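The structure appears right after this line, and notes come after that.
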Amino acid sequence: MNRREFLSCTTAGILAAPALLRSAGAQEGPFRTRYYPVAAGMGSRDVAPAPDGTVWFCGQRNGTLGRLDPRDGSLKLVDLGKGAAPHGVVIGPDGALWVTEGGQNAIARVDPADHKVTLFRLPEKEAYANLNTGVFDQGGMFWFTGQSGIYGRLDPKSGDMTVFKSPRGRGTYGIAITPKGDVWYASLAGSHIAKIDLATGNATVVEPPTPNQGARRVWSDSQGRIWVSEWNSGNVSVHDPANGSWKAWKLPGDNPRTYSVYVDDKDKVWLTDFSANAIVRFDPVTEKFNAFPSDKSGANVRQMAGRAGEAWGGESGTNRLVVIQTVLA
């Protein structure tokens with residue numbers, strides 16, 4: 001298959017619904033949207049752009065971890081094991097891929113060279129954690145969440161794992177680290193965020209001002225402020241732990257459903273809106289939104305991540321990856 005078959009390229013904004021763009025405001029700069037088809041039936045979701053230019057992503061429906069090379073569209077799939085259903089993936093300090101593998105109730109390590117899969121299974125008493133997302137702290141520990149109401153810590157060197165009960169039960173979802181090393185998670189069912197004490201493992205709940213907002217994912221900006229995607233309210237909100245303040249903005253359009261949040265290297269905030277079938281970019285300085293609707297219905301971009309000049313997501317409903325590039329004039 002040639003590059004043209006793998007790559008579909010559109011100019012951002014051309015495909016946007018006019019009403020949505022009017023609500024979102026005019027584009028603030030040149031952007032380019034590109035789509036990369038992956039294997040049919042993968043359910044491509046959480047992504048991890050790698051330093052070598054490739055992008056790793058979870059195939060939740062076919063139990064694989066995928067590796068896309070955007071330069072030629074080539075694709076490699078790694079089978080994670082019988083019954084696998086991977087949710088989140090991050091690149092660890094060792095350069096390996098670390099996966100929250102819900103199907104096998106384990107944390108999976110995938111060697112990027114030989115693709116060997118090593119499983120670190122959760123304790124038997126946590127038979128179904130509904131694993132969600134993971135992040136490494138500055139000491140090299142891997143912290144992860146499970147929607148059944150747990151979060152945990154894995155020492156990659158020793159394999160020791162400790163699982164903690166979330167203070168308010170089920171819903172523990174997205175997780176992120178700040179520049180100074182603090183780890184925060186969001187609780188979808190619990191409608192709150194929480195900061196983990198890395199020494200004791202205890203979590204301190206922080207309540208957003210919007211009731212029952214459905215805090216789904218979190219990401220830190222360069223100042224250590226915690227950005228939150230609010231699924232139920234359709235807001236994006238930000239909490240500053242330094243002074244305890246909160247601020248929130250409703251996404252453009254009718255009945256937004258804010259799924260994910262990612263803050264890029266310029267402190268611009270990227271979100272996904274299931275209701276608008278779009279990726280949305282928010283500038284905290286101007287307080288304006290840019291909307292990038294998908295060119296296919298039911299895209300369902302469930303998570304975003306990126307690197308300088310690129311914001312990536314997995315369209316779980318179309319079996320594609322999408323990237324929005326900031327095009328330098």
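So you can find residues: chains in the structure tokens are A, B, ... in the order shown, residues in each start at 1, and ligands are numbered from 1 in order.
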Within 10 Å of segment 300-322 of chain A, which residues of segment 131-242 of chain A come that close, and what is the closest atom pair and distance in Å for each? Count only C-alpha atoms and give it as a Markdown table.
| residue | atom | partner | partner_atom | distance |
| --- | --- | --- | --- | --- |
| A:Gly174 | CA | A:Gln303 | CA | 9.6 |
| A:Arg217 | CA | A:Gln303 | CA | 8.7 |
| A:Trp219 | CA | A:Ala305 | CA | 9.9 |
What would the file look like if the residues just selected were written as a PDB file, in the first residue's frame with C-alpha atoms?
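That gives us result01.pdb:
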ATOM      1  CA  GLY A 174      -7.377  10.387  33.882  1.00  0.00           C
ATOM      2  CA  ARG A 217      -9.195  13.725  32.344  1.00  0.00           C
ATOM      3  CA  TRP A 219      -3.343  17.646  32.272  1.00  0.00           C
TER       4      TRP A 219
END
Close residues, Gln104 of chain A itself excluded, 8 Å, only C-alpha atoms, min 5 positions apart in chain, as a CSV table (one decimal) with N, CA and C atoms, in the first residue's frame:
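Written out: around06.csv:
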chain,number,residue,atom,x,y,z
A,81,GLY,N,-1.7,-10.2,24.1
A,81,GLY,CA,-2.1,-11.4,24.8
A,81,GLY,C,-3.6,-11.7,24.8
A,82,LYS,N,-3.9,-12.9,25.2
A,82,LYS,CA,-5.3,-13.4,25.1
A,82,LYS,C,-6.2,-12.5,26.0
A,83,GLY,N,-7.3,-12.0,25.4
A,83,GLY,CA,-8.2,-11.2,26.1
A,83,GLY,C,-7.8,-9.8,26.3
A,84,ALA,N,-6.8,-9.3,25.7
A,84,ALA,CA,-6.3,-8.0,26.0
A,84,ALA,C,-7.2,-6.9,25.5
A,85,ALA,N,-7.3,-5.8,26.2
A,85,ALA,CA,-8.1,-4.7,25.9
A,85,ALA,C,-7.4,-3.4,26.4
A,121,ARG,N,0.7,-8.1,36.8
A,121,ARG,CA,-0.7,-8.3,37.1
A,121,ARG,C,-1.1,-7.7,38.5
Next item on the list: Could you tell me how far atom CA of Val263 of chain A lies from atom CA of Ile226 of chain A, in Å and to one decimal?
Entry: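 For atom CA of Val263 of chain A relative to atom CA of Ile226 of chain A, the distance reads 9.7 Å.
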Checklist line | Residues within 10 Å of segment 137-139 of chain A, only C-alpha atoms, excluding chain neighbours under 6 positions, as a list in words | finding: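 Selected residues are Gly92, Pro93, Arg153, Asp155, Ala176, Ile177, Thr178, Pro179, Lys180, Gly181, Asp182, Val183 and Leu198 of chain A.
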Next item on the list: Write out as a VMD selection string all residues of segment 80-301 of chain A that backbone DSSP assigns to strand (DSSP E).
Entry: chain A and resid 86 to 91 97 to 101 106 to 110 117 to 121 131 to 136 142 to 146 150 to 154 161 to 165 172 to 177 183 to 187 192 to 196 203 to 206 215 to 220 226 to 230 235 to 240 245 to 250 258 to 263 269 to 273 278 to 283 288 to 293 301
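Reported to one decimal place, the separation of atom CA of Thr258 of chain A from atom CA of Ile91 of chain A is 25.0 Å.
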Notebook entry, point to check: Smallest atom-to-atom distance to Gly244 of chain A: which of A:Asp265, A:Glu207, A:Asp69, A:Asp295, using only C-alpha atoms?
Noted result: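 Closest to Gly244 of chain A, using only C-alpha atoms: A:Glu207.
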Residues within 9 Å of Ser233 of chain A, only C-alpha atoms, excluding chain neighbours under 5 positions, as an mmCIF file with C-alpha atoms, in the first residue's frame:
data_model
loop_
_atom_site.group_PDB
_atom_site.id
_atom_site.type_symbol
_atom_site.label_atom_id
_atom_site.label_comp_id
_atom_site.auth_asym_id
_atom_site.auth_seq_id
_atom_site.Cartn_x
_atom_site.Cartn_y
_atom_site.Cartn_z
ATOM 1 C CA THR A 210 -19.437 23.026 39.014
ATOM 2 C CA PRO A 211 -21.540 20.309 40.696
ATOM 3 C CA ASN A 212 -21.665 16.862 39.077
ATOM 4 C CA GLN A 213 -19.409 18.061 36.274
ATOM 5 C CA GLY A 214 -17.922 14.636 35.482
ATOM 6 C CA ALA A 215 -14.210 15.432 35.632
ATOM 7 C CA LYS A 250 -18.131 26.125 28.233
ATOM 8 C CA ASN A 255 -24.602 20.454 24.478
ATOM 9 C CA PRO A 256 -20.802 19.887 24.340
ATOM 10 C CA ARG A 257 -19.423 16.680 25.844
ATOM 11 C CA THR A 258 -15.800 17.305 26.775
#
Check: Residues at most 12 Å from Asp240 of chain A, counting only C-alpha atoms, excluding those fewer than 5 positions away in the same chain, as a list in words?
Finding: Thr178, Val206, Pro208, Ser220, Asp221, Ser222, Gln223, Gly224, Arg225, Ile226, Trp227, Val228, Ser245, Trp246, Lys247 and Ala248 of chain A
Find the residues near Ala127 of chain A: any atom within 12 Å, counting only C-alpha atoms, skip ones fewer than 3 places away on the same chain, and give them as a tab-separated table (two decimals) with N, CA and C atoms, in the first residue's frame.
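So part_9.tsv came out as:
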chain	number	residue	atom	x	y	z
A	102	GLY	N	-6.52	-3.33	30.51
A	102	GLY	CA	-7.72	-3.71	31.25
A	102	GLY	C	-8.17	-5.13	31.03
A	103	GLY	N	-7.96	-5.67	29.82
A	103	GLY	CA	-8.44	-7.01	29.52
A	103	GLY	C	-7.77	-8.08	30.36
A	104	GLN	N	-6.49	-7.90	30.63
A	104	GLN	CA	-5.74	-8.89	31.44
A	104	GLN	C	-5.52	-8.39	32.86
A	105	ASN	N	-6.13	-7.23	33.19
A	105	ASN	CA	-6.02	-6.64	34.53
A	105	ASN	C	-4.56	-6.54	34.96
A	106	ALA	N	-3.77	-5.93	34.08
A	106	ALA	CA	-2.33	-5.86	34.31
A	106	ALA	C	-1.76	-4.59	33.70
A	121	ARG	N	0.72	-8.11	36.81
A	121	ARG	CA	-0.70	-8.28	37.11
A	121	ARG	C	-1.07	-7.66	38.45
A	122	LEU	N	-2.30	-7.14	38.51
A	122	LEU	CA	-2.81	-6.59	39.75
A	122	LEU	C	-3.09	-7.71	40.74
A	123	PRO	N	-3.13	-7.40	42.03
A	123	PRO	CA	-3.45	-8.42	43.04
A	123	PRO	C	-4.80	-9.07	42.77
A	124	GLU	N	-4.93	-10.32	43.17
A	124	GLU	CA	-6.16	-11.08	42.90
A	124	GLU	C	-7.38	-10.41	43.52
A	130	ASN	N	-10.74	-2.30	35.99
A	130	ASN	CA	-11.14	-1.43	34.88
A	130	ASN	C	-10.07	-0.37	34.67
A	131	LEU	N	-8.85	-0.85	34.42
A	131	LEU	CA	-7.69	0.03	34.30
A	131	LEU	C	-7.89	1.10	33.24
A	146	GLY	N	-7.88	3.07	37.96
A	146	GLY	CA	-8.87	2.07	37.57
A	146	GLY	C	-10.26	2.59	37.93
A	148	SER	N	-12.89	1.18	38.68
A	148	SER	CA	-13.61	0.48	39.75
A	148	SER	C	-13.45	1.19	41.09
A	150	ILE	N	-9.97	2.48	42.16
A	150	ILE	CA	-8.61	2.27	42.67
A	150	ILE	C	-7.62	3.14	41.91
A	163	VAL	N	-1.79	-1.16	45.50
A	163	VAL	CA	-3.07	-0.64	45.02
A	163	VAL	C	-3.78	0.06	46.16
Write out as a tab-separated table a residue-level contact list of segment 224-261 of chain A versus segment 271-294 of chain A with cut-off 9 Å: for each qualifying residue the closest pair of atoms and the distance in Å to one decimal, counting only C-alpha atoms, rows sorted by chain and residue number upward.
residue	atom	partner	partner_atom	distance
A:Ser229	CA	A:Leu271	CA	7.3
A:Trp231	CA	A:Asp273	CA	8.8
A:Gly234	CA	A:Asp273	CA	8.1
A:Val236	CA	A:Leu271	CA	8.1
A:Trp249	CA	A:Glu287	CA	8.4
A:Leu251	CA	A:Phe289	CA	7.7
A:Pro252	CA	A:Phe289	CA	7.4
A:Gly253	CA	A:Ala276	CA	7.2
A:Asp254	CA	A:Ser275	CA	7.8
A:Asn255	CA	A:Ser275	CA	6.7
A:Pro256	CA	A:Ser275	CA	5.3
A:Arg257	CA	A:Asp273	CA	5.1
A:Thr258	CA	A:Asp273	CA	4.7
A:Tyr259	CA	A:Thr272	CA	5.4
A:Ser260	CA	A:Leu271	CA	5.3
A:Val261	CA	A:Leu271	CA	4.6
Note to self: Under the rule that only C-alpha atoms are counted, which of A:Pro51, A:Glu101, A:Pro37, A:Arg168 is the nearest residue to Leu65 of chain A?
What the structure shows: A:Glu101
Note to self: Using only C-alpha atoms, can you tell me which of A:Pro112, A:Gly190, A:Gly140, A:Gly201 comes closest to Gly152 of chain A?
What the structure shows: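 Once distances to Gly152 of chain A are computed over only C-alpha atoms, the minimum belongs to A:Gly201.
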Check: Closest to Ala108 of chain A among A:Tyr128, A:Phe144, A:Phe31, A:Trp270, using only C-alpha atoms?
Finding: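 Looking at the shortest contact to Ala108 of chain A, the residue is A:Phe144.
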Margin query: When you look at Val99 of chain A with a cut-off of 8 Å (counting only C-alpha atoms), what residues show up, excluding the ones that are within fewer than 2 positions of it in the same chain? I need them as a PyMOL selection string.
Written below: chain A and resi 86-90+97+101+107-110+134
Write out, as a short mmCIF file (atom, residue, chain, number, x, y, z; two decimals), in the first residue's frame, the residues just selected, with N, CA and C atoms.
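Wrote it out as result_38.cif, contents follow:
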data_model
loop_
_atom_site.label_atom_id
_atom_site.label_comp_id
_atom_site.auth_asym_id
_atom_site.auth_seq_id
_atom_site.Cartn_x
_atom_site.Cartn_y
_atom_site.Cartn_z
N PRO A 86 -6.35 -2.99 25.76
CA PRO A 86 -5.55 -1.87 26.27
C PRO A 86 -6.30 -0.55 26.24
N HIS A 87 -6.06 0.26 27.25
CA HIS A 87 -6.73 1.56 27.35
C HIS A 87 -5.74 2.71 27.15
N GLY A 88 -4.75 2.82 28.04
CA GLY A 88 -3.80 3.93 27.98
C GLY A 88 -2.39 3.46 27.72
N VAL A 89 -1.56 4.34 27.13
CA VAL A 89 -0.16 4.02 26.87
C VAL A 89 0.68 5.27 27.07
N VAL A 90 1.82 5.10 27.73
CA VAL A 90 2.80 6.18 27.86
C VAL A 90 4.19 5.60 27.62
N LEU A 97 7.17 1.06 26.19
CA LEU A 97 5.76 1.45 26.22
C LEU A 97 5.11 0.79 27.43
N GLU A 101 -3.57 -2.25 30.82
CA GLU A 101 -4.15 -3.33 30.04
C GLU A 101 -5.35 -3.92 30.79
N ILE A 107 -0.58 -4.24 34.16
CA ILE A 107 0.22 -3.22 33.50
C ILE A 107 1.17 -3.96 32.55
N ALA A 108 1.16 -3.58 31.30
CA ALA A 108 1.99 -4.25 30.31
C ALA A 108 3.16 -3.36 29.91
N ARG A 109 4.35 -3.94 29.85
CA ARG A 109 5.53 -3.25 29.33
C ARG A 109 5.87 -3.86 27.98
N VAL A 110 6.00 -3.00 26.97
CA VAL A 110 6.33 -3.46 25.62
C VAL A 110 7.68 -2.88 25.24
N GLY A 134 -2.15 5.83 32.89
CA GLY A 134 -0.96 5.79 33.73
C GLY A 134 -0.02 6.96 33.46
#
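The residue that comes closest to Asn235 of chain A, out of A:Arg216, A:Gly53, A:Gly95, A:Ser44 and on the basis of only C-alpha atoms, is A:Arg216.
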Check: For Leu80 of chain A, which of A:Thr326, A:Val117, A:Asp94, A:Pro49 is the closest residue, counting only C-alpha atoms?
Finding: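 Distance minimum relative to Leu80 of chain A lands on A:Val117.
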